[in-house]
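Right, one structure below, let's go through it.
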2 protein chains.
Amino acid sequence: MRADGRRRVVIVGASAAGLRCASRLARLRPGWQITVVEERKLFSVAACGLPYVLSGDIGAAASLQMTSDGALRDVAYFAAVKGVEVLSGRRASAVDAGAHLLTCEGPGPSRTVLEWDELVLATGAKARRLPGQPRHPRVRSFHTPEDLAPVHTALSKGEISRVVIVGAGLVGCELSEAFRALWGVDVTLLEAADAPLPNILDPEIGAVVAATLRRNGVNLRMNAAVGAITASDDRAEVTVGPERFAADLVLVAVGVEPEVDLARSAGVVLGRTGAISVDERLATSVPGVWAAGDCVEVRRIPGGEFAYLPFGSLANRQGRVLANVLAGRSDRFSGAVGAAAVKVFDLNVAATGLTRAEAEARRMQVRSAWVTAHDRAHYWPEAKEIVIHLLYETGARRVLGVQAVGEGEVTKRVDVATQLIARGADLADFAGLEQAYAPPFAPAIDPLAQAAFAAENQEEGIEACRPGEAVAGLRLLDVRHRGEREERPLPGSACGTPLEELRSALPPLDSGPWLAVCERGARSAEAVRLLRAAGGSASYLAGGLRLRALMGLEGAG
Amino acid sequence: MRADGRRRVVIVGASAAGLRCASRLARLRPGWQITVVEERKLFSVAACGLPYVLSGDIGAAASLQMTSDGALRDVAYFAAVKGVEVLSGRRASAVDAGAHLLTCEGPGPSRTVLEWDELVLATGAKARRLPGQPRHPRVRSFHTPEDLAPVHTALSKGEISRVVIVGAGLVGCELSEAFRALWGVDVTLLEAADAPLPNILDPEIGAVVAATLRRNGVNLRMNAAVGAITASDDRAEVTVGPERFAADLVLVAVGVEPEVDLARSAGVVLGRTGAISVDERLATSVPGVWAAGDCVEVRRIPGGEFAYLPFGSLANRQGRVLANVLAGRSDRFSGAVGAAAVKVFDLNVAATGLTRAEAEARRMQVRSAWVTAHDRAHYWPEAKEIVIHLLYETGARRVLGVQAVGEGEVTKRVDVATQLIARGADLADFAGLEQAYAPPFAPAIDPLAQAAFAAENQEEGIEACRPGEAVAGLRLLDVRHRGEREERPLPGSACGTPLEELRSALPPLDSGPWLAVCERGARSAEAVRLLRAAGGSASYLAGGLRLRALMGLEGAG
């Protein structure tokens, strides 16, 4: 502490976590000296908005650096409004944790050594690179504000007619839309997993995203293990097995990794994910050194294991918690459910909690339920169908994750689910959830509750068939109305009996097992109940034919 | 129980609670005999949709009686699909609880006596009538499907050019829009309270609804105590003090009251609200007699007192819980937060938990916080401003209620708040809430969290002035940019210093107390912090000038 009693807090990194922490701490402790060290000249840019500048949804990149009141968040702004000194253009290069010193390089050849009482590492993340990825203008990441201009300029000049995007994660999907929708570029999207967005979606919902990408002209290749990337003056090329994909530009969007060089220099312990390990106060292993944002790992709810979740909203929350902790309060950051959302063309996608793949990797006993349902009262003219995938633990019936997709309101359901999952809710909690109901906003029974009903039914023996599953050996029972069957006939042979007639005209029970199908799944689930009550063996197509159509699959088998 | 062991469940009322209970119980206990007695021939109609048939949003009233798959929910449907017998056109007139008999009148002069093992009262609610309200075709309620046709026909024939609606509750507001927007009818809306929707909104947010109604041409009169209603062959008239409002039609929309005649005949105890008192299993005071839906009172969360909340979504939930209970499960209906939503022209309105008036009536120590914020990233072109009013208990900082209004996504915030309030969340829980963030769906800091920040700031001495409060005696400090001040000048005199310049150019502190104002409230709250740190006395206008504009108020004072 300085002789005048002002505590000196040095924060490395002027992005969400660092600036939120700095601004809040300056409010809580106006007498302290808060300094933020930032390598870039351009900072406090809402990087989540960058793909939308490319897509034309956002007119000016500068708006990403502005407050909602139109003020530019630059050095002068933070000094005048927040009482925070931002030293931009200086790269924090070394920490002496014993002497409480931070060495910064720049601008130019200059070097500064800052003394601190508390050091906050908010160093963020950097784009992951592939092994052997060439450093070449035709092979780029798209992560920082600096990544925008060259791509935008090249597009504007008509220099890009073919692009290969490696990685169908959040950014890869957003970029596919940007290149395709505004610029009409020929887009090839390569994904190593068997569906897009594998970190947040299981393959059934991922297939809906895949179908949307393809319907919008994206050449999506899954299970595509990228081999070599090469680049020359006039083009770049990506190999996948024996195939070669040539392009004017290759964008590598295979995720980010924590920026931990400075943490290493400080002797801070890293976690198993490779990110900085912090406790609930966001303290690192080194006294006086704290960390927040995309450079730390957090406890995942549910499950409690540490995970790396580089989301801007979490960075903001952590920055605020850390400011409160540094100011002497008892705040804690206890973990994150991992809610995420992304728009892919006209499809809204949101997810929270664990995927089935993640839960199974933790050896949890889990099951999935799916429903296709209207996001508002079905008779409301603007109602849209959405699909919910609900993942739960068998036995305890605890809900582990929810994935939602559709042109309707999906983030509302995922935000509600996040609150419930964070508090350990089970299927009964979801089935009984309270919501603000009016026909323009929601159906009387929310799709989330409907998904819980489907899961409870499943636990009672009303078995569902996974929407994308092959159903060889099952006989199809189509319980839709005749009109629906004529309008959207199933390929192949099916027994057609409307649900309304099923009680009085059961199909031959010894010729099953039957797979009941309908448009959205609810009627075929009722059919299974009737068949079972009569002694038959049956399951139903989860999410119905609509879900299969959204997945780009024909018919039911 | 019958000799063959089938349990006989008789349910009175074929609306949400009764039919949900019947259908679910028939699924869980296919061997039981489930009978629903219903006075009306037309039943299972989504009554919440009726105003939207009038407004033209919904093309055909018949769609309100259909499933999302296009099946008509009539007697044959419930028999064939649900295994439930509906006896329509029979009025349940008397219960002999000792002998387990229910007497039904009709059709015509016929009378049926049903034996039951379990009796479920799902008798719903009826429109409240005003004292002395004439029974006349020109003076109507709008509650049942039968109320729709006469009004719709009269409108279609051009027979209604002036309407007086008594009561600016949910239905009154919806009807005002229906008459005004589609039919161009001259609408006078009379409300006894000092703002619309007094059961779910406090007056500040209510004022936004009032301004919206007025902007759309509704002649809204508040604090209007209706005296006499008279009707003749050619017109009707409503008096309010010395004033007379003539109309072709008077619609009385002063809420509903529980239908409890049958409950009384069964000897069932009613609660203080006048509705049937039930425990968490939905059992009444009489063994074997149960009740659910708009005829019961429920525990209110927070607070725990019994309240009458006649909402369709709660009726559905109760019907399901009761079916589970009757089937021998351990389900409980523990209460409701009271989430509600309504669309008023282009304004979306949603609320949950207690209003300030309700909390104060319970002698709770409460405070309010308001924010005006974007519902998505502010740079997203479709972002809309919404207003959040957050009510909390001082001391424990427990959140008691949330009200949200705006053209943007408000039900998402209220649904999230409902889950949190149901679980006793405090301001810190709201400040740290996790959400699915992406620019097209939400800002990085959700408006709900921002509201919690404002509340926490208030608890730290950053005092807000209520948005509608008179501010005589305070000096105005306008901290907006010069451009904003020129574009939307304040009437009267104000000291203008942009927030960015305030640190270096504080106004004279001894000439305060100051009221800081800005567009949405965030900057002026920062200004208060600066002024206080410098030893000045100041508060800020909560929700900013935008909220005042939404409330139909000019300027800041």
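Ligands are numbered from 1 in the order shown, chains are lettered A, B, ... in the order of the structure tokens, and residues start at 1 in each chain.
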Open item on the list: Please check the contacts: residues of chain A at most 6 Å away from chain B, using only C-alpha atoms, listed as a PyMOL selection string.
Closed with: chain A and resi 68+80-81+313+339-341+378+412+415-416+435-438+444+500
Open item on the list: Which residues are close to B:Glu118, i.e. within 12 Å by only C-alpha atoms, leaving aside same-chain residues fewer than 4 positions away? Reply as a PyMOL selection string.
Closed with: chain B and resi 1+6-12+22+25+32-36+95+97-102+114+283-284+286-291+322-323+325-327
Atoms kept (N, CA and C atoms) for selection, written as a CSV table (one decimal), in the first residue's frame:
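Result written to part_33.csv:
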chain,number,residue,atom,x,y,z
B,1,MET,N,-66.8,-47.2,-3.8
B,1,MET,CA,-66.2,-47.9,-5.0
B,1,MET,C,-67.2,-48.9,-5.5
B,6,ARG,N,-63.7,-50.4,-9.9
B,6,ARG,CA,-63.4,-49.2,-10.6
B,6,ARG,C,-63.7,-48.0,-9.7
B,7,ARG,N,-62.8,-47.2,-9.6
B,7,ARG,CA,-63.0,-46.0,-8.8
B,7,ARG,C,-63.7,-45.0,-9.6
B,8,ARG,N,-64.7,-44.3,-9.0
B,8,ARG,CA,-65.5,-43.3,-9.8
B,8,ARG,C,-65.1,-41.9,-9.4
B,9,VAL,N,-64.6,-41.2,-10.3
B,9,VAL,CA,-64.2,-39.8,-10.0
B,9,VAL,C,-65.2,-38.9,-10.8
B,10,VAL,N,-65.9,-38.0,-10.2
B,10,VAL,CA,-66.7,-37.1,-10.9
B,10,VAL,C,-66.1,-35.7,-10.7
B,11,ILE,N,-66.0,-35.0,-11.8
B,11,ILE,CA,-65.4,-33.7,-11.9
B,11,ILE,C,-66.4,-32.7,-12.4
B,12,VAL,N,-66.6,-31.6,-11.7
B,12,VAL,CA,-67.6,-30.6,-12.1
B,12,VAL,C,-66.9,-29.5,-12.8
B,22,ALA,N,-59.0,-34.6,-15.5
B,22,ALA,CA,-59.7,-35.8,-16.0
B,22,ALA,C,-58.8,-36.6,-16.9
B,25,LEU,N,-55.7,-38.1,-15.2
B,25,LEU,CA,-56.1,-39.3,-14.3
B,25,LEU,C,-56.5,-40.5,-15.1
B,32,TRP,N,-60.2,-46.6,-14.0
B,32,TRP,CA,-61.2,-45.8,-13.3
B,32,TRP,C,-62.2,-45.2,-14.2
B,33,GLN,N,-63.3,-44.9,-13.6
B,33,GLN,CA,-64.4,-44.2,-14.4
B,33,GLN,C,-64.3,-42.7,-14.1
B,34,ILE,N,-64.0,-42.0,-15.1
B,34,ILE,CA,-63.8,-40.5,-15.0
B,34,ILE,C,-64.9,-39.8,-15.7
B,35,THR,N,-65.7,-39.0,-15.0
B,35,THR,CA,-66.9,-38.3,-15.6
B,35,THR,C,-66.7,-36.9,-15.3
B,36,VAL,N,-66.9,-36.1,-16.3
B,36,VAL,CA,-66.9,-34.6,-16.2
B,36,VAL,C,-68.3,-34.1,-16.4
B,95,VAL,N,-74.7,-31.3,-3.9
B,95,VAL,CA,-73.8,-32.3,-3.4
B,95,VAL,C,-74.3,-32.9,-2.1
B,97,ALA,N,-72.5,-34.8,0.4
B,97,ALA,CA,-71.2,-35.3,0.7
B,97,ALA,C,-71.2,-36.6,1.5
B,98,GLY,N,-72.2,-36.7,2.4
B,98,GLY,CA,-72.3,-37.9,3.2
B,98,GLY,C,-72.6,-39.2,2.3
B,99,ALA,N,-73.5,-39.0,1.4
B,99,ALA,CA,-74.0,-40.2,0.6
B,99,ALA,C,-73.1,-40.3,-0.6
B,100,HIS,N,-72.2,-39.3,-0.9
B,100,HIS,CA,-71.3,-39.3,-2.1
B,100,HIS,C,-72.2,-39.3,-3.3
B,101,LEU,N,-73.1,-38.3,-3.4
B,101,LEU,CA,-74.0,-38.1,-4.5
B,101,LEU,C,-73.9,-36.7,-5.1
B,102,LEU,N,-73.9,-36.6,-6.4
B,102,LEU,CA,-74.0,-35.3,-7.0
B,102,LEU,C,-75.3,-35.3,-7.9
B,114,LEU,N,-75.4,-38.7,-9.7
B,114,LEU,CA,-74.1,-39.5,-9.9
B,114,LEU,C,-73.5,-39.9,-8.6
B,283,ALA,N,-57.1,-30.7,-1.5
B,283,ALA,CA,-58.2,-31.2,-0.8
B,283,ALA,C,-59.0,-30.1,-0.2
B,284,THR,N,-60.3,-30.2,-0.2
B,284,THR,CA,-61.1,-29.2,0.5
B,284,THR,C,-61.3,-29.7,2.0
B,286,VAL,N,-63.9,-31.1,3.1
B,286,VAL,CA,-64.8,-32.2,3.2
B,286,VAL,C,-64.0,-33.4,2.6
B,287,PRO,N,-63.9,-34.5,3.3
B,287,PRO,CA,-63.2,-35.7,2.8
B,287,PRO,C,-63.8,-36.2,1.5
B,288,GLY,N,-62.9,-36.5,0.5
B,288,GLY,CA,-63.4,-37.0,-0.8
B,288,GLY,C,-63.8,-35.9,-1.7
B,289,VAL,N,-63.8,-34.6,-1.3
B,289,VAL,CA,-64.1,-33.5,-2.2
B,289,VAL,C,-62.8,-32.7,-2.4
B,290,TRP,N,-62.5,-32.5,-3.6
B,290,TRP,CA,-61.2,-31.8,-4.0
B,290,TRP,C,-61.6,-30.6,-4.9
B,291,ALA,N,-60.7,-29.7,-5.1
B,291,ALA,CA,-61.0,-28.5,-5.9
B,291,ALA,C,-59.7,-28.0,-6.6
B,322,LEU,N,-53.6,-32.3,-9.2
B,322,LEU,CA,-54.7,-33.0,-8.5
B,322,LEU,C,-54.8,-34.5,-9.1
B,323,ALA,N,-54.7,-34.6,-10.4
B,323,ALA,CA,-54.7,-35.9,-11.0
B,323,ALA,C,-53.7,-36.8,-10.3
B,325,VAL,N,-52.3,-36.5,-7.4
B,325,VAL,CA,-52.7,-36.8,-6.0
B,325,VAL,C,-53.7,-37.9,-6.0
B,326,LEU,N,-54.8,-37.7,-6.8
B,326,LEU,CA,-55.8,-38.7,-6.8
B,326,LEU,C,-55.3,-40.1,-7.2
B,327,ALA,N,-54.3,-40.1,-8.0
B,327,ALA,CA,-53.7,-41.4,-8.4
B,327,ALA,C,-52.8,-42.0,-7.3
Task: Backbone DSSP call of strand (DSSP E or B) for stretch 101-265 of chain B, listed as an MDAnalysis selection string - done: chainID B and resid 101:105 111:115 118:121 125:127 136 139:140 162:166 186:190 219:221 226:231 236:240 243:247 249:252 256:258
Dump as a PDB file, in the first residue's frame, selection limited to C-alpha atoms:
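Just written: selection_31.pdb:
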ATOM      1  CA  LEU B 101     -73.961 -38.149  -4.524  1.00  0.00           C
ATOM      2  CA  LEU B 102     -74.004 -35.330  -7.045  1.00  0.00           C
ATOM      3  CA  THR B 103     -77.297 -34.130  -8.476  1.00  0.00           C
ATOM      4  CA  CYS B 104     -77.280 -32.673 -11.986  1.00  0.00           C
ATOM      5  CA  GLU B 105     -80.102 -30.819 -13.745  1.00  0.00           C
ATOM      6  CA  ARG B 111     -82.172 -34.864 -13.590  1.00  0.00           C
ATOM      7  CA  THR B 112     -79.255 -37.219 -13.023  1.00  0.00           C
ATOM      8  CA  VAL B 113     -77.756 -38.356  -9.746  1.00  0.00           C
ATOM      9  CA  LEU B 114     -74.130 -39.477  -9.948  1.00  0.00           C
ATOM     10  CA  GLU B 115     -72.368 -41.552  -7.339  1.00  0.00           C
ATOM     11  CA  GLU B 118     -63.933 -38.674  -5.335  1.00  0.00           C
ATOM     12  CA  LEU B 119     -65.539 -35.384  -6.291  1.00  0.00           C
ATOM     13  CA  VAL B 120     -63.534 -32.605  -7.926  1.00  0.00           C
ATOM     14  CA  LEU B 121     -64.900 -29.080  -7.939  1.00  0.00           C
ATOM     15  CA  ALA B 125     -65.143 -18.314 -12.007  1.00  0.00           C
ATOM     16  CA  LYS B 126     -67.854 -15.998 -13.188  1.00  0.00           C
ATOM     17  CA  ALA B 127     -67.692 -12.388 -14.209  1.00  0.00           C
ATOM     18  CA  HIS B 136     -79.687  -5.895 -20.495  1.00  0.00           C
ATOM     19  CA  VAL B 139     -74.658  -4.095 -20.614  1.00  0.00           C
ATOM     20  CA  ARG B 140     -72.483  -7.165 -20.817  1.00  0.00           C
ATOM     21  CA  ARG B 162     -69.206   3.927 -28.890  1.00  0.00           C
ATOM     22  CA  VAL B 163     -68.332   1.532 -26.100  1.00  0.00           C
ATOM     23  CA  VAL B 164     -67.709   2.103 -22.422  1.00  0.00           C
ATOM     24  CA  ILE B 165     -65.515  -0.481 -20.751  1.00  0.00           C
ATOM     25  CA  VAL B 166     -65.627  -0.545 -16.982  1.00  0.00           C
ATOM     26  CA  ASP B 186     -64.856   5.157 -29.762  1.00  0.00           C
ATOM     27  CA  VAL B 187     -63.639   3.561 -26.503  1.00  0.00           C
ATOM     28  CA  THR B 188     -64.007   4.992 -23.022  1.00  0.00           C
ATOM     29  CA  LEU B 189     -62.175   2.959 -20.406  1.00  0.00           C
ATOM     30  CA  LEU B 190     -63.105   3.637 -16.781  1.00  0.00           C
ATOM     31  CA  ASN B 219     -60.425   7.699 -23.656  1.00  0.00           C
ATOM     32  CA  LEU B 220     -59.007   6.445 -20.370  1.00  0.00           C
ATOM     33  CA  ARG B 221     -60.469   7.792 -17.160  1.00  0.00           C
ATOM     34  CA  VAL B 226     -68.753   4.140 -11.452  1.00  0.00           C
ATOM     35  CA  GLY B 227     -72.157   5.156 -10.087  1.00  0.00           C
ATOM     36  CA  ALA B 228     -75.193   3.967 -12.018  1.00  0.00           C
ATOM     37  CA  ILE B 229     -75.357   1.996 -15.227  1.00  0.00           C
ATOM     38  CA  THR B 230     -78.573   2.351 -17.145  1.00  0.00           C
ATOM     39  CA  ALA B 231     -79.697   0.892 -20.437  1.00  0.00           C
ATOM     40  CA  ALA B 236     -76.620   2.579 -22.382  1.00  0.00           C
ATOM     41  CA  GLU B 237     -75.103   5.056 -19.969  1.00  0.00           C
ATOM     42  CA  VAL B 238     -72.606   5.035 -17.152  1.00  0.00           C
ATOM     43  CA  THR B 239     -72.338   7.765 -14.554  1.00  0.00           C
ATOM     44  CA  VAL B 240     -69.107   8.701 -12.811  1.00  0.00           C
ATOM     45  CA  GLU B 243     -70.377  12.856 -15.569  1.00  0.00           C
ATOM     46  CA  ARG B 244     -72.365  10.663 -17.918  1.00  0.00           C
ATOM     47  CA  PHE B 245     -70.813   8.400 -20.538  1.00  0.00           C
ATOM     48  CA  ALA B 246     -73.238   7.249 -23.209  1.00  0.00           C
ATOM     49  CA  ALA B 247     -72.487   4.237 -25.384  1.00  0.00           C
ATOM     50  CA  LEU B 249     -72.559  -1.008 -25.372  1.00  0.00           C
ATOM     51  CA  VAL B 250     -71.202  -1.106 -21.843  1.00  0.00           C
ATOM     52  CA  LEU B 251     -68.780  -3.904 -21.066  1.00  0.00           C
ATOM     53  CA  VAL B 252     -68.250  -4.594 -17.402  1.00  0.00           C
ATOM     54  CA  VAL B 256     -64.082 -12.475 -11.871  1.00  0.00           C
ATOM     55  CA  GLU B 257     -65.154 -14.180  -8.696  1.00  0.00           C
ATOM     56  CA  PRO B 258     -65.036 -17.853  -7.838  1.00  0.00           C
TER      57      PRO B 258
END
Open item on the list: Let me make sure I understand: among A:Ser511, A:Ser232, A:Ser15, A:Ser368, which one has the smallest atom-to-atom distance to A:Gln458 if we use only C-alpha atoms?
Closed with: A:Ser368
Task: Which of stretch 293-423 of chain B fall in alpha helix (DSSP H), as a ChimeraX atom specification - done: /B:312-326,356-361,411-422
Open item on the list: I'd like to know which of B:Val254, B:Ala494, B:Val371, B:Asp510 is closest to B:Leu541, using only C-alpha atoms.
Closed with: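 Using only C-alpha atoms, the shortest distance to B:Leu541 belongs to B:Val371.
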Task: Minimum-distance residue to A:Ala404, chosen among A:Gly353, A:Pro302, A:Gly158, A:Pro242 (using only C-alpha atoms) - done: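 So, comparing all the options, the nearest one is A:Gly353.
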